[in-house]
file entry_10.txt (compact mmCIF, C-alpha atoms and all ligand atoms)
# COMPACT_ATOMS: atom_id res chain seq x y z
CA LEU N 252 217.23 113.00 207.38
CA LYS N 253 216.13 112.78 211.00
CA LEU N 254 213.08 114.86 211.90
CA GLY N 255 212.15 115.78 215.47
CA ILE N 256 208.49 116.54 216.14
CA ILE N 257 207.68 118.21 219.46
CA TYR N 258 204.08 118.96 220.31
CA GLY N 259 201.83 120.14 223.12
CA THR N 260 198.27 119.14 223.90
CA LYS N 261 196.30 117.94 226.92
CA ARG N 262 193.71 115.64 225.37
CA LYS N 263 194.10 112.45 223.34
CA LYS N 264 192.10 113.86 220.45
CA ALA N 265 192.85 115.94 217.37
CA THR N 266 196.48 116.87 217.96
CA VAL N 267 197.51 113.33 218.86
CA GLU N 268 195.88 112.14 215.66
CA VAL N 269 197.65 114.82 213.64
CA ILE N 270 200.90 113.57 215.15
CA GLU N 271 200.07 110.01 214.07
CA TRP N 272 199.31 111.23 210.53
CA LEU N 273 202.56 113.17 210.46
CA MET N 274 204.52 110.12 211.61
CA GLU N 275 202.92 107.80 209.08
CA ALA N 276 203.43 110.27 206.25
CA CYS N 277 207.09 110.69 207.19
CA LYS N 278 207.64 106.94 207.37
CA LYS N 279 206.01 106.46 203.97
CA SER N 280 208.50 108.96 202.58
CA GLY N 281 211.40 107.20 204.27
CA ILE N 282 212.04 109.98 206.78
CA GLU N 283 213.29 108.97 210.21
CA VAL N 284 211.13 110.66 212.79
CA GLU N 285 211.17 111.05 216.57
CA VAL N 286 208.12 112.44 218.32
CA GLY N 287 207.47 113.63 221.83
CA LYS N 288 205.99 116.17 224.16
CA PRO N 289 208.51 118.63 225.62
CA GLU N 290 209.10 116.52 228.74
CA GLU N 291 209.70 113.42 226.61
CA VAL N 292 212.41 114.90 224.41
CA SER N 293 215.83 113.60 225.42
CA ASP N 294 218.03 115.31 222.85
CA LEU N 295 217.66 117.68 219.92
CA ASP N 296 220.10 115.90 217.65
CA HIS N 297 217.94 116.22 214.56
CA ASP N 298 218.31 117.63 211.06
CA ALA N 299 214.99 119.49 211.12
CA PHE N 300 212.13 120.14 213.54
CA VAL N 301 208.37 120.43 213.61
CA VAL N 302 206.86 122.15 216.65
CA GLY N 303 203.16 122.53 217.22
CA SER N 304 200.33 122.83 219.68
CA SER N 305 196.62 122.67 220.22
CA ILE N 306 194.88 125.89 221.24
CA TYR N 307 192.68 126.15 224.32
CA ALA N 308 191.11 129.46 225.34
CA GLY N 309 193.20 131.38 222.87
CA GLN N 310 196.45 129.89 224.17
CA ALA N 311 198.97 127.44 222.78
CA GLN N 312 200.13 124.91 225.40
CA SER N 313 202.45 126.62 227.87
CA ASP N 314 204.88 123.67 228.03
CA LEU N 315 205.35 123.79 224.26
CA LEU N 316 205.81 127.56 224.27
CA GLU N 317 208.39 127.33 227.06
CA PHE N 318 210.18 124.56 225.21
CA VAL N 319 210.40 126.64 222.03
CA GLU N 320 211.65 129.65 223.96
CA GLN N 321 214.26 127.69 225.90
CA ASN N 322 215.54 125.81 222.85
CA ARG N 323 215.20 128.62 220.34
CA GLU N 324 218.84 128.59 219.30
CA THR N 325 219.03 124.84 218.72
CA LEU N 326 215.71 124.74 216.93
CA THR N 327 216.45 127.64 214.61
CA SER N 328 219.94 126.34 213.80
CA LYS N 329 218.03 123.83 211.64
CA PRO N 330 214.95 124.13 209.41
CA VAL N 331 211.84 124.43 211.59
CA ALA N 332 208.20 124.06 210.63
CA THR N 333 205.23 124.87 212.86
CA PHE N 334 201.63 123.78 213.25
CA VAL N 335 198.56 124.63 215.31
CA VAL N 336 195.35 122.69 215.87
CA CYS N 337 192.43 124.96 216.68
CA LYS N 338 188.79 125.71 215.91
CA GLU N 339 189.46 129.27 214.89
CA VAL N 340 189.11 129.31 211.12
CA GLU N 341 188.95 133.07 210.66
CA CYS N 342 192.30 134.03 212.05
CA PRO N 343 194.38 131.04 213.18
CA GLU N 344 197.49 133.13 212.47
CA ASP N 345 196.96 134.82 215.84
CA ASN N 346 197.30 131.43 217.50
CA MET N 347 200.35 130.53 215.44
CA ALA N 348 201.90 133.87 216.35
CA GLN N 349 202.43 132.67 219.93
CA ILE N 350 204.78 129.95 218.69
CA LEU N 351 206.46 132.20 216.13
CA GLU N 352 207.18 134.85 218.77
CA ARG N 353 209.07 132.31 220.89
CA LEU N 354 210.86 130.93 217.85
CA GLY N 355 211.97 134.39 216.82
CA SER N 356 212.45 133.53 213.17
CA GLU N 357 210.39 132.51 210.20
CA PRO N 358 209.52 128.79 209.95
CA ILE N 359 210.05 127.09 206.59
CA SER N 360 206.42 125.99 206.58
CA GLN N 361 203.25 126.40 208.66
CA LEU N 362 200.32 124.03 209.00
CA PHE N 363 196.86 124.98 210.27
CA VAL N 364 194.59 122.10 211.23
CA GLU N 365 190.95 122.52 212.19
CA GLY N 366 190.42 120.45 215.31
CA TYR N 367 187.18 119.55 217.08
CA MET N 368 185.74 120.04 220.52
CA ILE N 369 183.86 116.81 221.24
CA ARG N 370 182.60 115.06 218.12
CA ARG N 371 185.19 113.98 215.60
CA GLY N 372 182.77 114.81 212.76
CA ASN N 373 184.61 115.21 209.47
CA PHE N 374 188.01 115.45 211.08
CA ASP N 375 189.34 112.72 208.73
CA ARG N 376 189.15 115.29 205.93
CA GLN N 377 192.12 117.02 207.53
CA ARG N 378 194.31 114.02 206.90
CA VAL N 379 194.91 114.77 203.21
CA LYS N 380 195.91 118.31 204.14
CA VAL N 381 198.40 117.00 206.70
CA GLU N 382 199.82 114.45 204.25
CA ASP N 383 200.19 117.03 201.48
CA TRP N 384 201.90 119.36 203.92
CA VAL N 385 204.41 116.65 204.84
CA LYS N 386 205.19 116.02 201.17
CA ASP N 387 205.76 119.72 200.63
CA LEU N 388 207.87 119.96 203.78
CA ILE N 389 210.07 117.04 202.76
CA SER N 390 210.61 118.52 199.31
CA LYS N 391 211.74 121.74 200.99
CA LEU N 392 214.13 119.83 203.23
CA SER N 393 215.75 117.70 200.56
C1 LIG N 401 188.87 123.89 226.69
C2 LIG N 401 188.99 124.22 225.24
C3 LIG N 401 189.16 125.53 224.84
C4 LIG N 401 189.29 125.87 223.49
N1 LIG N 401 189.53 127.16 223.12
C5 LIG N 401 189.78 127.45 221.80
C6 LIG N 401 190.12 128.79 221.39
O1 LIG N 401 190.19 129.71 222.17
N2 LIG N 401 190.35 129.00 220.06
C7 LIG N 401 190.28 128.01 219.13
O2 LIG N 401 190.51 128.26 217.97
N3 LIG N 401 189.96 126.73 219.50
C8 LIG N 401 189.71 126.45 220.80
N4 LIG N 401 189.38 125.18 221.17
C9 LIG N 401 189.28 124.17 220.13
C10 LIG N 401 190.49 123.31 220.13
O3 LIG N 401 191.56 123.98 219.52
C11 LIG N 401 190.19 122.00 219.43
O4 LIG N 401 189.28 121.32 220.25
C12 LIG N 401 191.41 121.14 219.19
O5 LIG N 401 190.98 119.95 218.58
C13 LIG N 401 192.13 120.87 220.50
O6 LIG N 401 193.17 119.96 220.33
P1 LIG N 401 193.05 118.49 220.97
O7 LIG N 401 191.87 117.86 220.27
O8 LIG N 401 194.33 117.84 220.67
O9 LIG N 401 192.79 118.67 222.42
C14 LIG N 401 189.22 124.84 222.51
C15 LIG N 401 189.03 123.52 222.93
C16 LIG N 401 188.93 123.19 224.25
C17 LIG N 401 188.73 121.75 224.65

call {"tool": "encode", "arguments": {"input": "entry_10.txt", "output": "structure tokens"}}
result
Amino acid sequence: LKLGIIYGTKRKKATVEVIEWLMEACKKSGIEVEVGKPEEVSDLDHDAFVVGSSIYAGQAQSDLLEFVEQNRETLTSKPVATFVVCKEVECPEDNMAQILERLGSEPISQLFVEGYMIRRGNFDRQRVKVEDWVKDLISKLS
């Protein structure tokens, strides 16, 4: 199983760390994983995809949204999961909706991570959630 993870964010903070957690969790489970921002992706020759973005000012990253829209057919020809990293805890579904609209079909799994603005605070607590999500995702894929 080869998993492609494509993500958008502008800072080297929460989302980048989520990506590292995702990669480590996949490797622990013996899943081959390739990760990149939209401009870093060379091919989409994968068995499943994860696409996700941080949210600034109510918006997912435009490069990630464009990528999803442009590659919708390829992405949805395989199982796709989605994630967002945001501070909105009341209604993060509205943020996720931007990705889902471009994808045009239901992802097999969705992950919501609570990011942080400046101080990392208790961000480490999110790690277990990310790891559990990966386990659940892999069980759905296999
Ligand atoms: C400029 C800026 C604007 C933000 N606007 C929102 C927002 O509208 N809604 C929200 O839920 N979170 C918002 N956040 C919180 C971010 O989603 C959070 O900081 C997240 O960790 C960002 O991902 P990053 O750490 O990878 O940059 C904002 C953060 C920044 C820096």

call {"tool": "residues_near_ligand", "arguments": {"input": "entry_10.txt", "ligand": "ligand LIG 401 (chain N)", "cutoff": "12 Å", "atoms": "only C-alpha atoms and all ligand atoms", "output": "MDAnalysis selection string"}}
result
chainID N and resid 258:271 303:312 334:347 363:372 374 377

call {"tool": "closest_residue", "arguments": {"input": "entry_10.txt", "among": "N:Val379, N:Val385, N:Leu315, N:Leu295", "to": "Ser328 of chain N", "atoms": "all atoms listed in the file"}}
result
N:Leu295

call {"tool": "closest_residue", "arguments": {"input": "entry_10.txt", "among": "N:Met274, N:Val284, N:Leu254, N:Val302", "to": "Leu316 of chain N", "atoms": "all atoms listed in the file"}}
result
N:Val302

call {"tool": "closest_residue", "arguments": {"input": "entry_10.txt", "among": "N:Gln361, N:Gln349, N:Asn373, N:Ser280", "to": "Lys253 of chain N", "atoms": "all atoms listed in the file"}}
result
N:Ser280

call {"tool": "build_atoms", "arguments": {"input": "entry_10.txt", "residues": "segment 291-302 of chain N", "atoms": "all heavy atoms", "output": "CSV table (one decimal), in the frame of the given file"}}
result
chain,number,residue,atom,x,y,z
N,291,GLU,N,209.3,114.7,227.1
N,291,GLU,CA,209.7,113.4,226.6
N,291,GLU,C,210.9,113.5,225.7
N,291,GLU,O,211.5,112.5,225.3
N,291,GLU,CB,208.6,112.8,225.8
N,291,GLU,CG,207.3,112.5,226.6
N,291,GLU,CD,206.1,112.1,225.8
N,291,GLU,OE1,206.1,112.4,224.6
N,291,GLU,OE2,205.1,111.6,226.3
N,292,VAL,N,211.3,114.7,225.4
N,292,VAL,CA,212.4,114.9,224.4
N,292,VAL,C,213.7,114.8,225.2
N,292,VAL,O,214.0,115.5,226.1
N,292,VAL,CB,212.3,116.3,223.8
N,292,VAL,CG1,213.5,116.6,222.9
N,292,VAL,CG2,211.0,116.4,223.0
N,293,SER,N,214.6,113.8,224.7
N,293,SER,CA,215.8,113.6,225.4
N,293,SER,C,217.0,114.4,224.8
N,293,SER,O,217.8,115.0,225.5
N,293,SER,CB,216.2,112.1,225.5
N,293,SER,OG,216.1,111.6,224.2
N,294,ASP,N,217.0,114.5,223.5
N,294,ASP,CA,218.0,115.3,222.8
N,294,ASP,C,217.4,116.0,221.6
N,294,ASP,O,216.3,115.6,221.2
N,294,ASP,CB,219.3,114.5,222.5
N,294,ASP,CG,218.9,113.5,221.4
N,294,ASP,OD1,218.8,114.0,220.2
N,294,ASP,OD2,218.8,112.3,221.6
N,295,LEU,N,218.1,117.0,221.1
N,295,LEU,CA,217.7,117.7,219.9
N,295,LEU,C,218.7,117.5,218.8
N,295,LEU,O,219.0,118.4,218.1
N,295,LEU,CB,217.4,119.2,220.2
N,295,LEU,CG,216.3,119.4,221.2
N,295,LEU,CD1,216.2,120.9,221.5
N,295,LEU,CD2,215.0,119.0,220.6
N,296,ASP,N,219.1,116.2,218.7
N,296,ASP,CA,220.1,115.9,217.6
N,296,ASP,C,219.4,115.5,216.4
N,296,ASP,O,219.4,114.4,215.9
N,296,ASP,CB,221.0,114.7,218.2
N,296,ASP,CG,222.1,114.4,217.2
N,296,ASP,OD1,222.4,115.2,216.4
N,296,ASP,OD2,222.6,113.3,217.3
N,297,HIS,N,218.7,116.5,215.8
N,297,HIS,CA,217.9,116.2,214.6
N,297,HIS,C,218.3,117.2,213.4
N,297,HIS,O,219.0,118.2,213.7
N,297,HIS,CB,216.4,116.4,214.9
N,297,HIS,CG,215.9,115.5,215.9
N,297,HIS,ND1,216.1,115.8,217.3
N,297,HIS,CD2,215.4,114.3,215.9
N,297,HIS,CE1,215.6,114.8,218.0
N,297,HIS,NE2,215.1,113.8,217.2
N,298,ASP,N,217.9,116.8,212.2
N,298,ASP,CA,218.3,117.6,211.1
N,298,ASP,C,217.3,118.7,210.8
N,298,ASP,O,217.5,119.7,210.0
N,298,ASP,CB,218.4,116.7,209.8
N,298,ASP,CG,219.4,115.6,210.1
N,298,ASP,OD1,220.6,115.9,210.4
N,298,ASP,OD2,219.1,114.5,209.9
N,299,ALA,N,216.1,118.5,211.3
N,299,ALA,CA,215.0,119.5,211.1
N,299,ALA,C,213.9,119.2,212.2
N,299,ALA,O,213.9,118.2,212.8
N,299,ALA,CB,214.4,119.3,209.7
N,300,PHE,N,213.1,120.2,212.5
N,300,PHE,CA,212.1,120.1,213.5
N,300,PHE,C,210.7,120.6,213.1
N,300,PHE,O,210.6,121.4,212.2
N,300,PHE,CB,212.5,121.0,214.7
N,300,PHE,CG,213.8,120.7,215.4
N,300,PHE,CD1,215.0,121.4,215.1
N,300,PHE,CD2,213.9,119.6,216.2
N,300,PHE,CE1,216.2,121.0,215.6
N,300,PHE,CE2,215.1,119.3,216.8
N,300,PHE,CZ,216.3,120.0,216.5
N,301,VAL,N,209.7,119.9,213.7
N,301,VAL,CA,208.4,120.4,213.6
N,301,VAL,C,207.9,120.7,215.0
N,301,VAL,O,208.1,119.8,215.9
N,301,VAL,CB,207.4,119.4,212.9
N,301,VAL,CG1,206.0,119.9,213.0
N,301,VAL,CG2,207.9,119.2,211.5
N,302,VAL,N,207.4,121.9,215.3
N,302,VAL,CA,206.9,122.2,216.6
N,302,VAL,C,205.4,122.6,216.5
N,302,VAL,O,205.1,123.4,215.6
N,302,VAL,CB,207.7,123.2,217.4
N,302,VAL,CG1,209.1,122.6,217.8
N,302,VAL,CG2,207.9,124.5,216.7
